[in-house]
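Here the structure is laid out as structure tokens; the discussion comes afterwards.
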Amino acid sequence: MSIFYHQGIDEGYLMELCGSLGVFEEEDTTGRPVYVKHEQCLESLQDIMRFLRRDNPETRDVFMLLANWNLVKTDLLPIIRTYHDDSDLVIAATKLVVFLTLPVDPTSSNVVEQQRVLQLMKSAFLDGETSTVIVSMIAEPLSRFEENGRMDETDTKIVQLILTLFRNLLCIPDSLHSSASAGDHMTHLKDNLLQRFFTESVMEVILLIAQDANREPFVQDNALILEIMHEVFKGQQPRLLVDVDKQATSPAGRKRHAGSAEESPFGGLEEENPF
């Protein structure tokens, strides 16, 4: 019997739930792998969430199991990308990703190992167009806010969910050392993620929300927005930020700024950098 069962976690049942989410199958016409959800996918996502809510905050056994099974990359992100028209399914999968990427409690055990698996989750967002799909989830709520000047409770929760996910990803620190298995990119995750955020309109959405930070319902998210901005700017020199802005607003500067990632103080962010 699994040790996790004695700790209040039925590891076998949790594994069954993960296996009942879906599977990659080869598409008939192109031969490329396509994620196909199982019939009970939504219910399984909800049950996995119940496991996470009961997780031990000190040892985080459920988190470590799901992380080591690579659930975010193999199932959750493919569900979000493939079934983006199924709002219930996408929101349930996104909630799981948010719970799995929450910042590590420094008083918990295995902090280093937790950070390592979080870095792997963060790197999974660099593959595919996941950020674009996630941004589209809040497009309608923001559009309704622009038209009516207000949001209902459901729209507000969706915006908070997505902002929390962006905060979580930005808070995951880069690896201090590269390894043969993980690769050098693990030491540049923040730069690569920010580049994604700019090219896939994530930063544009964050800035739009920040402009209305003193209005309901965004006023309750002020701390969250501030934390996101802090993580974006952390480690950057103010003088370089001003220089980047000047370069981005001049044609000659744009041409120079289109060089290698090493030439940019943002590690290769797009030249449309609004900062």
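We name chains A, B, ... following the order of the structure tokens; residues begin at 1 in each chain, and ligands are numbered from 1 as shown.
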>> Applying 12 Å and only C-alpha atoms, which residues near Asp88 in chain A remain after dropping the ones on its own chain fewer than 5 positions away? List them as number ranges by chain.
In response: A: 41-43, 45-46, 79-80, 83, 93-95, 137, 154, 158
>> Taking the DSSP secondary structure from the backbone, can you list the residues of range 14-64 of chain A that are strand (DSSP E or B), as number ranges by chain?
In response: A: 22-26, 33-37
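Closest approach to Phe233 in chain A among A:Asp61, A:Glu140, A:Asp191, A:Asp75 is made by A:Asp191 (distances from only C-alpha atoms).
Shortest separation to Thr101 in chain A among A:Arg196, A:Lys37, A:Arg215, A:Arg116 occurs at residue A:Arg116, atoms counted being only C-alpha atoms.
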> Using the chain letters and numbers from this document, which residues of range 63-252 of chain A does DSSP assign to alpha helix (DSSP H), as a ChimeraX atom specification?
Replying inline: /A:63-68,71,77-82,87-100,111-124,130-137,139-148,153-171,189-199,202-211,222-233,238-248,251-252
Mind writing the picked residues with C-alpha atoms as a compact mmCIF listing (two decimals), in the first residue's frame?
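Wrote it out as part.txt, contents follow:
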# COMPACT_ATOMS: atom_id res chain seq x y z
CA PHE A 63 1.52 18.85 -5.40
CA MET A 64 4.73 16.84 -5.68
CA LEU A 65 2.91 13.84 -7.13
CA LEU A 66 1.15 15.91 -9.80
CA ALA A 67 4.33 17.85 -10.55
CA ASN A 68 6.41 14.71 -10.98
CA LEU A 71 0.40 17.05 -15.28
CA LEU A 77 -2.06 22.99 -21.04
CA PRO A 78 -3.12 20.71 -23.93
CA ILE A 79 -6.70 20.82 -22.59
CA ILE A 80 -6.60 24.63 -22.46
CA ARG A 81 -5.20 24.90 -26.00
CA THR A 82 -7.35 22.22 -27.62
CA SER A 87 -15.34 27.50 -21.07
CA ASP A 88 -16.17 25.17 -18.14
CA LEU A 89 -13.36 22.80 -19.08
CA VAL A 90 -10.80 25.55 -19.69
CA ILE A 91 -11.61 27.34 -16.43
CA ALA A 92 -11.36 24.08 -14.46
CA ALA A 93 -7.98 23.30 -16.03
CA THR A 94 -6.77 26.86 -15.46
CA LYS A 95 -7.77 26.70 -11.78
CA LEU A 96 -5.62 23.60 -11.40
CA VAL A 97 -2.67 25.32 -13.07
CA VAL A 98 -3.10 28.29 -10.71
CA PHE A 99 -3.10 26.04 -7.65
CA LEU A 100 -0.07 24.12 -8.90
CA VAL A 111 11.68 24.04 -1.00
CA VAL A 112 14.47 23.47 -3.53
CA GLU A 113 12.65 20.53 -5.11
CA GLN A 114 9.40 22.49 -5.23
CA GLN A 115 11.17 25.34 -7.03
CA ARG A 116 12.68 22.89 -9.50
CA VAL A 117 9.33 21.43 -10.56
CA LEU A 118 7.79 24.92 -10.69
CA GLN A 119 10.50 25.93 -13.16
CA LEU A 120 9.52 22.99 -15.35
CA MET A 121 5.88 24.11 -15.22
CA LYS A 122 6.93 27.64 -16.16
CA SER A 123 8.95 26.38 -19.11
CA ALA A 124 5.86 24.52 -20.39
CA THR A 130 -1.31 28.82 -24.29
CA SER A 131 -0.97 32.47 -23.27
CA THR A 132 -3.07 33.58 -26.24
CA VAL A 133 -5.90 31.23 -25.26
CA ILE A 134 -5.74 32.37 -21.64
CA VAL A 135 -5.86 36.04 -22.67
CA SER A 136 -8.93 35.29 -24.79
CA MET A 137 -10.66 34.02 -21.65
CA ALA A 139 -11.48 39.32 -23.54
CA GLU A 140 -15.27 39.12 -23.14
CA PRO A 141 -15.30 40.23 -19.47
CA LEU A 142 -13.08 43.21 -20.30
CA SER A 143 -15.21 44.03 -23.34
CA ARG A 144 -18.35 44.03 -21.20
CA PHE A 145 -16.60 46.23 -18.65
CA GLU A 146 -15.65 48.69 -21.38
CA GLU A 147 -19.24 48.82 -22.62
CA ASN A 148 -21.10 48.85 -19.30
CA GLU A 153 -19.28 38.17 -10.17
CA THR A 154 -18.38 35.49 -12.73
CA ASP A 155 -16.43 37.91 -14.92
CA THR A 156 -14.62 39.30 -11.89
CA LYS A 157 -13.53 35.82 -10.75
CA ILE A 158 -12.23 34.96 -14.22
CA VAL A 159 -10.11 38.12 -14.35
CA GLN A 160 -8.76 37.45 -10.85
CA LEU A 161 -7.96 33.86 -11.83
CA ILE A 162 -5.97 34.89 -14.89
CA LEU A 163 -4.12 37.69 -13.08
CA THR A 164 -3.19 35.23 -10.33
CA LEU A 165 -1.81 32.82 -12.92
CA PHE A 166 0.33 35.54 -14.49
CA ARG A 167 1.58 36.55 -11.02
CA ASN A 168 2.40 32.95 -10.15
CA LEU A 169 4.42 32.39 -13.33
CA LEU A 170 6.38 35.61 -12.94
CA CYS A 171 7.20 34.77 -9.29
CA LEU A 189 12.89 31.54 -18.08
CA LYS A 190 11.80 35.03 -17.04
CA ASP A 191 13.17 36.71 -20.17
CA ASN A 192 11.60 34.07 -22.39
CA LEU A 193 8.27 34.23 -20.59
CA LEU A 194 8.15 38.03 -20.77
CA GLN A 195 8.85 37.85 -24.47
CA ARG A 196 5.84 35.55 -24.78
CA PHE A 197 3.78 37.92 -22.67
CA PHE A 198 4.53 40.80 -25.01
CA THR A 199 4.04 38.92 -28.27
CA VAL A 202 -0.57 39.45 -22.06
CA MET A 203 1.15 42.68 -21.07
CA GLU A 204 -1.35 44.70 -23.07
CA VAL A 205 -4.18 43.19 -21.04
CA ILE A 206 -2.36 43.78 -17.76
CA LEU A 207 -1.79 47.43 -18.68
CA LEU A 208 -5.44 47.89 -19.63
CA ILE A 209 -6.52 46.55 -16.25
CA ALA A 210 -3.89 48.65 -14.46
CA GLN A 211 -5.33 51.80 -16.04
CA ASN A 222 -4.48 46.43 -6.79
CA ALA A 223 -2.00 44.38 -4.76
CA LEU A 224 -2.04 41.62 -7.38
CA ILE A 225 -1.42 44.06 -10.25
CA LEU A 226 1.34 45.76 -8.27
CA GLU A 227 2.99 42.41 -7.63
CA ILE A 228 2.88 41.60 -11.35
CA MET A 229 4.49 44.93 -12.22
CA HIS A 230 7.11 44.39 -9.52
CA GLU A 231 8.07 41.03 -11.01
CA VAL A 232 8.21 42.49 -14.53
CA PHE A 233 10.55 45.31 -13.49
CA PRO A 238 15.74 52.38 -14.29
CA ARG A 239 18.12 54.10 -16.69
CA LEU A 240 17.93 51.16 -19.08
CA LEU A 241 14.15 51.17 -18.92
CA VAL A 242 14.12 54.80 -20.06
CA ASP A 243 16.61 54.03 -22.81
CA VAL A 244 14.45 51.15 -24.05
CA ASP A 245 11.41 53.41 -24.21
CA LYS A 246 13.32 56.05 -26.19
CA GLN A 247 14.63 53.42 -28.60
CA ALA A 248 11.19 51.92 -29.08
CA PRO A 251 12.54 54.30 -36.16
CA ALA A 252 16.32 54.16 -35.88
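If you measure from each of A:Asp152, A:Asp47, A:Glu27, A:Glu129 to Glu216 in chain A using only C-alpha atoms, the closest one turns out to be A:Asp152.
Residue nearest Leu76 in chain A, chosen from A:Tyr35, A:Glu16, A:Gln40, A:Arg60 and counting only C-alpha atoms: A:Tyr35.
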> Pick the closest to Ser108 in chain A from A:Pro217, A:Pro33, A:Gly19, A:Pro57: which is it, counting only C-alpha atoms?
Replying inline: A:Pro57
